[in-house]
Amino acid sequence: MPILRVHAKQGHVDTETTDALVLLLCEGEGLPKEDGAILDRALGGALRDLLQSQEFDGKAGEVVVFHTHGKIPAKRLILVGLGKKHDLGLDQIRQAMGHAVKRVRQAKSGAFAVALPSSVPHGASPIDVGQTMTEGAILGSYQFTTYRSDTPTGKGVTAMTVLAPQKDHLRQLSEGIRRGVATAEATVYVRDLCNHPSNVMTPTRIASEAKTVAKEVGVNLKILEQKEMEQLGMGALLGVAKGSHEPPKFIILQYHGAKNKNDRPVVLVGKTITFDTGGISLKPAENMEQMKADMTGGAEVLAAMRAAARLKLPLNLISILPAAENMPGGRAMRPGDVVKTLSGKTVEVQNTDAEGRLILSDGLTYATRFKPAALIDIATLTGACVVALGQFAIGMFGTDATLKDAVHKAGLRAGERVWEMPLWDEYFEQLRSDVADMRNIGGRGGGMITAALFLSKFVGDAPWVHLDIASTDWSERERAYIPKGPTGIGTRLLIQFLINRSL
Ligand code: BES
Ligand code: MN
Ligand code: ZN
């Protein structure tokens, strides 16, 4: 499904010719300041009547449509609530645009116009507003129809025009749209990769996606095959891959955007398990199909690479995807097996379902070669994350206060919030093994913490942040701009982090 095209232009709500005109209104705010009165007059007082009757009062998620019968050039007017002005943040704008675009689609309109909201969040620039309006609209109109013979909601919405009453904000608004298209397009790409079933989205297919990305945006690509991984000694990743007929791939993409080619890079590592059965420590059948999205982290670092290169961000960036499928089988790892990681440390694999930390240990060790200025891994790592944080927070761990702060800020800005968890060494006693340097599970308590602590043993002295996106990577229900199923959450956080670092 093609992505919604977005552009800005100078224009007025009472003169714009369009299938549908969207107005975003705060609760109890009355008519929009700028053109509200003119518009209301043109409509013979219909707007004022509607607001006074309190059939629509601008609550978050509220939507009203009416036909204009030629009184203004726009065929339909769609009012969308932003909620209380007091609570207005950038995410309320994203959500309102998500609701708006779905209503436009329902009206079978292919294109629509939207006026800049007359109230904006405190401190938000036209760049911010343009970016979030774009994100909400593109992400809200997302559908994955590749494997369906019917297209349930028709062709979909293909174009959006953002109307700015004055010319002076147009430049900033267009820059915001450019960023919003980049972050939303990246998220859409991640959702697509995660939606494809695992018989299609194999490690080999991920590698070919990386080839396509590298070629398109002109970044370096290196793919290590099984033989090379053996030579290097990536025993943890190879151990996980052993049960599967799908060969593992170790994918490295490199972008030099900094003026100085030798600037220390940001290195992103994403868990790329194309399907997680649990291996010999087999998972229960219920909801196992969701484990096709266990490659979300990898898809996100690939998408972030593509976005950074497209935006020509002035920094050096490396994305690493250790990719494998976790299957049971005659050659699969057994519980109790000991593997030797790339770092030289040995691990007793007490549970083959704790495979994410195994492939990431080799991914992180490899990452330290590049002497990262910042090292971030992102992974659908633990069921314990689902238990501890539920659907609305990403678990964050880290060794560096400045980096944690930057990730936290990027998360707030992106509407993909992180919550810090402790990385205290006391918990390491849970990872002790009688036969190896450590074991890959930490027993009952603090499962998200012991997993993070395991990873911390492989990052050397790099400033490091780990993000656990299990529970946020998949949504049980459709929301304003989040679909049911794979959400792509984390993608916009990563890109925002890179944008902020480039400013
Ligand atoms: N991919 C799963 C974690 C997961 C669970 C992601 C639910 C999304 C939703 C991971 O590989 C896993 O199986 N973790 C185990 C670890 C345990 C065996 C220590 C878990 O959390 O159950
Ligand atoms: Mn697992
Ligand atoms: Zn997994």
# chains A, B, ... in the order shown; residues from 1 in each chain; ligands from 1

$ residues_near_ligand --ligand "ligand 3" --cutoff "8 Å" --atoms "only C-alpha atoms and all ligand atoms" --output "PyMOL selection string"
chain A and resi 273+275-276+278+291+294+326+353-356+380-382

$ write_last_selection --atoms "all heavy atoms" --output "CSV table (one decimal), in the first residue's frame"
chain,number,residue,atom,x,y,z
A,273,ILE,N,15.5,-12.2,15.6
A,273,ILE,CA,15.0,-13.6,15.6
A,273,ILE,C,13.8,-13.6,14.7
A,273,ILE,O,12.8,-13.1,15.0
A,273,ILE,CB,14.7,-14.1,17.0
A,273,ILE,CG1,16.0,-14.2,17.8
A,273,ILE,CG2,14.0,-15.4,17.0
A,273,ILE,CD1,17.0,-15.3,17.4
A,275,PHE,N,11.9,-16.0,13.8
A,275,PHE,CA,10.8,-16.7,14.6
A,275,PHE,C,11.4,-17.3,15.8
A,275,PHE,O,12.4,-18.0,15.8
A,275,PHE,CB,10.1,-17.7,13.7
A,275,PHE,CG,8.7,-18.1,14.3
A,275,PHE,CD1,7.6,-17.3,14.2
A,275,PHE,CD2,8.6,-19.3,15.1
A,275,PHE,CE1,6.4,-17.6,14.8
A,275,PHE,CE2,7.4,-19.6,15.7
A,275,PHE,CZ,6.3,-18.8,15.5
A,276,ASP,N,10.6,-17.2,16.9
A,276,ASP,CA,11.1,-17.7,18.2
A,276,ASP,C,10.1,-18.8,18.7
A,276,ASP,O,9.1,-18.5,19.2
A,276,ASP,CB,11.2,-16.6,19.2
A,276,ASP,CG,11.7,-17.1,20.6
A,276,ASP,OD1,12.2,-18.2,20.6
A,276,ASP,OD2,11.7,-16.3,21.5
A,278,GLY,N,11.1,-20.9,20.8
A,278,GLY,CA,11.6,-21.3,22.1
A,278,GLY,C,12.8,-22.3,22.0
A,278,GLY,O,13.5,-22.5,22.9
A,291,MET,N,5.4,-14.4,17.7
A,291,MET,CA,6.9,-14.5,17.7
A,291,MET,C,7.5,-14.3,16.3
A,291,MET,O,8.7,-14.3,16.1
A,291,MET,CB,7.3,-15.8,18.3
A,291,MET,CG,7.2,-15.8,19.8
A,291,MET,SD,8.1,-14.4,20.6
A,291,MET,CE,6.8,-13.7,21.5
A,294,ASP,N,9.6,-11.2,16.4
A,294,ASP,CA,10.8,-11.2,17.3
A,294,ASP,C,12.0,-10.6,16.6
A,294,ASP,O,13.1,-10.6,17.2
A,294,ASP,CB,11.0,-12.6,17.8
A,294,ASP,CG,11.6,-12.7,19.3
A,294,ASP,OD1,11.5,-11.7,20.0
A,294,ASP,OD2,12.2,-13.7,19.6
A,326,ASN,N,15.0,-19.3,15.8
A,326,ASN,CA,15.1,-20.2,17.0
A,326,ASN,C,14.1,-21.4,16.9
A,326,ASN,O,12.9,-21.2,17.1
A,326,ASN,CB,14.8,-19.4,18.2
A,326,ASN,CG,15.2,-20.2,19.5
A,326,ASN,OD1,16.0,-21.1,19.5
A,326,ASN,ND2,14.6,-19.8,20.6
A,353,ASP,N,15.0,-20.8,25.2
A,353,ASP,CA,14.1,-19.8,24.9
A,353,ASP,C,14.7,-18.4,25.2
A,353,ASP,O,14.1,-17.4,24.8
A,353,ASP,CB,12.7,-20.0,25.5
A,353,ASP,CG,11.6,-19.2,25.0
A,353,ASP,OD1,11.9,-18.6,23.9
A,353,ASP,OD2,10.5,-19.1,25.6
A,354,ALA,N,15.7,-18.4,26.0
A,354,ALA,CA,16.4,-17.1,26.3
A,354,ALA,C,17.5,-16.9,25.3
A,354,ALA,O,18.7,-16.8,25.6
A,354,ALA,CB,17.0,-17.1,27.7
A,355,GLU,N,17.0,-16.9,24.0
A,355,GLU,CA,18.0,-16.8,22.9
A,355,GLU,C,18.4,-15.4,22.5
A,355,GLU,O,19.4,-15.2,21.9
A,355,GLU,CB,17.3,-17.6,21.7
A,355,GLU,CG,16.4,-16.7,20.8
A,355,GLU,CD,15.2,-16.2,21.5
A,355,GLU,OE1,14.8,-16.7,22.5
A,355,GLU,OE2,14.5,-15.2,21.0
A,356,GLY,N,17.5,-14.4,22.8
A,356,GLY,CA,17.8,-13.1,22.4
A,356,GLY,C,19.1,-12.6,22.9
A,356,GLY,O,19.9,-12.0,22.2
A,380,THR,N,13.1,-7.3,21.5
A,380,THR,CA,11.9,-7.9,22.1
A,380,THR,C,12.4,-9.0,23.0
A,380,THR,O,12.3,-10.2,22.7
A,380,THR,CB,11.0,-8.5,21.0
A,380,THR,OG1,11.8,-9.3,20.1
A,380,THR,CG2,10.3,-7.5,20.2
A,381,LEU,N,12.9,-8.6,24.2
A,381,LEU,CA,13.8,-9.5,24.9
A,381,LEU,C,13.1,-10.4,26.0
A,381,LEU,O,13.4,-11.6,26.0
A,381,LEU,CB,14.9,-8.7,25.6
A,381,LEU,CG,16.2,-9.6,26.0
A,381,LEU,CD1,16.8,-10.2,24.7
A,381,LEU,CD2,17.2,-8.8,26.7
A,382,THR,N,12.2,-9.8,26.8
A,382,THR,CA,11.7,-10.7,27.9
A,382,THR,C,10.2,-10.6,28.1
A,382,THR,O,9.6,-9.5,28.0
A,382,THR,CB,12.3,-10.3,29.2
A,382,THR,OG1,11.9,-8.9,29.5
A,382,THR,CG2,13.8,-10.4,29.2

$ select_by_dssp --residues "range 229-416 of chain A" --states "strand (DSSP E)" --output "JSON, numbers by chain"
{"A": [249, 250, 251, 252, 253, 254, 255, 256, 266, 267, 268, 269, 270, 272, 273, 274, 275, 276, 316, 317, 318, 319, 320, 321, 322, 323, 324, 325, 326, 337, 338, 339, 340, 346, 347, 348, 349, 374, 375, 376, 377, 378, 379, 394, 395, 396, 397, 398]}

$ residues_around --residues "range 305-311 of chain A" --least-positions-apart "3" --cutoff "8 Å" --atoms "only C-alpha atoms" --output "list in words"
Arg179, Ala182, Thr183, Ala186, Val213, Ala214, Val217, Gly218, Val219, Leu253, Tyr255, Gly257, Val301, Leu302, Leu317, Ile318, Ser319, Ile495, Leu498 and Ile499 of chain A

$ closest_residue --among "A:Lys312, A:Arg357, A:Arg479, A:Lys167" --to "Leu139 in chain A" --atoms "only C-alpha atoms"
A:Arg479

$ residues_around --residues "Ser471 in chain A" --least-positions-apart "2" --cutoff "10 Å" --atoms "only C-alpha atoms" --output "NGL selection string"
:A and (380-395 or 468-469 or 473-476 or 489)

$ write_last_selection --atoms "N, CA, C and O atoms" --output "short mmCIF file (atom, residue, chain, number, x, y, z; two decimals), in the first residue's frame"
data_model
loop_
_atom_site.label_atom_id
_atom_site.label_comp_id
_atom_site.auth_asym_id
_atom_site.auth_seq_id
_atom_site.Cartn_x
_atom_site.Cartn_y
_atom_site.Cartn_z
N THR A 380 13.06 -7.32 21.50
CA THR A 380 11.87 -7.92 22.11
C THR A 380 12.40 -9.02 23.04
O THR A 380 12.33 -10.19 22.73
N LEU A 381 12.93 -8.60 24.19
CA LEU A 381 13.80 -9.51 24.94
C LEU A 381 13.11 -10.40 25.95
O LEU A 381 13.42 -11.58 26.03
N THR A 382 12.19 -9.85 26.76
CA THR A 382 11.67 -10.67 27.86
C THR A 382 10.16 -10.57 28.07
O THR A 382 9.57 -9.50 27.99
N GLY A 383 9.56 -11.72 28.37
CA GLY A 383 8.17 -11.73 28.80
C GLY A 383 8.01 -10.97 30.11
O GLY A 383 6.95 -10.41 30.39
N ALA A 384 9.08 -10.92 30.88
CA ALA A 384 9.04 -10.19 32.16
C ALA A 384 8.81 -8.69 31.94
O ALA A 384 8.23 -8.01 32.80
N CYS A 385 9.22 -8.19 30.79
CA CYS A 385 8.97 -6.77 30.45
C CYS A 385 7.47 -6.54 30.31
O CYS A 385 6.94 -5.52 30.74
N VAL A 386 6.79 -7.52 29.69
CA VAL A 386 5.34 -7.42 29.53
C VAL A 386 4.68 -7.34 30.91
O VAL A 386 3.77 -6.54 31.14
N VAL A 387 5.15 -8.17 31.82
CA VAL A 387 4.58 -8.22 33.16
C VAL A 387 4.85 -6.92 33.92
O VAL A 387 3.96 -6.33 34.53
N ALA A 388 6.09 -6.43 33.83
CA ALA A 388 6.47 -5.26 34.64
C ALA A 388 5.88 -3.96 34.09
O ALA A 388 5.44 -3.11 34.87
N LEU A 389 5.88 -3.77 32.79
CA LEU A 389 5.56 -2.45 32.25
C LEU A 389 4.30 -2.39 31.39
O LEU A 389 3.83 -1.30 31.06
N GLY A 390 3.74 -3.56 31.02
CA GLY A 390 2.52 -3.52 30.22
C GLY A 390 2.75 -2.87 28.87
O GLY A 390 3.86 -2.87 28.35
N GLN A 391 1.67 -2.26 28.34
CA GLN A 391 1.71 -1.85 26.94
C GLN A 391 2.28 -0.47 26.65
O GLN A 391 2.44 -0.10 25.50
N PHE A 392 2.53 0.33 27.69
CA PHE A 392 2.78 1.74 27.38
C PHE A 392 4.20 2.22 27.65
O PHE A 392 4.47 3.40 27.50
N ALA A 393 5.08 1.34 28.09
CA ALA A 393 6.45 1.81 28.35
C ALA A 393 7.48 0.82 27.83
O ALA A 393 7.30 -0.39 27.92
N ILE A 394 8.54 1.37 27.31
CA ILE A 394 9.70 0.59 26.88
C ILE A 394 10.64 0.50 28.09
O ILE A 394 10.87 1.50 28.76
N GLY A 395 11.16 -0.67 28.39
CA GLY A 395 12.11 -0.82 29.49
C GLY A 395 13.48 -0.32 29.06
O GLY A 395 13.97 -0.68 28.00
N ASP A 468 14.18 -2.69 26.07
CA ASP A 468 13.36 -3.91 25.96
C ASP A 468 11.98 -3.52 25.45
O ASP A 468 11.20 -2.86 26.15
N ILE A 469 11.70 -3.91 24.21
CA ILE A 469 10.43 -3.52 23.59
C ILE A 469 9.42 -4.68 23.54
O ILE A 469 8.41 -4.58 22.83
N ASP A 473 5.94 -3.92 21.28
CA ASP A 473 6.15 -4.18 19.85
C ASP A 473 4.89 -4.70 19.16
O ASP A 473 4.80 -4.68 17.95
N TRP A 474 3.93 -5.16 19.97
CA TRP A 474 2.72 -5.79 19.41
C TRP A 474 1.52 -5.23 20.17
O TRP A 474 1.52 -5.22 21.40
N SER A 475 0.50 -4.75 19.45
CA SER A 475 -0.66 -4.20 20.14
C SER A 475 -1.85 -5.15 20.04
O SER A 475 -2.14 -5.67 18.96
N GLU A 476 -2.51 -5.35 21.16
CA GLU A 476 -3.67 -6.24 21.19
C GLU A 476 -4.88 -5.60 20.52
O GLU A 476 -5.81 -6.28 20.12
N ILE A 489 7.08 0.20 17.38
CA ILE A 489 7.48 1.13 18.43
C ILE A 489 8.97 1.02 18.74
O ILE A 489 9.50 -0.07 18.88
#

$ closest_residue --among "A:Glu27, A:Thr134, A:Ala107, A:Ala367" --to "Arg264 in chain A" --atoms "only C-alpha atoms"
A:Ala367
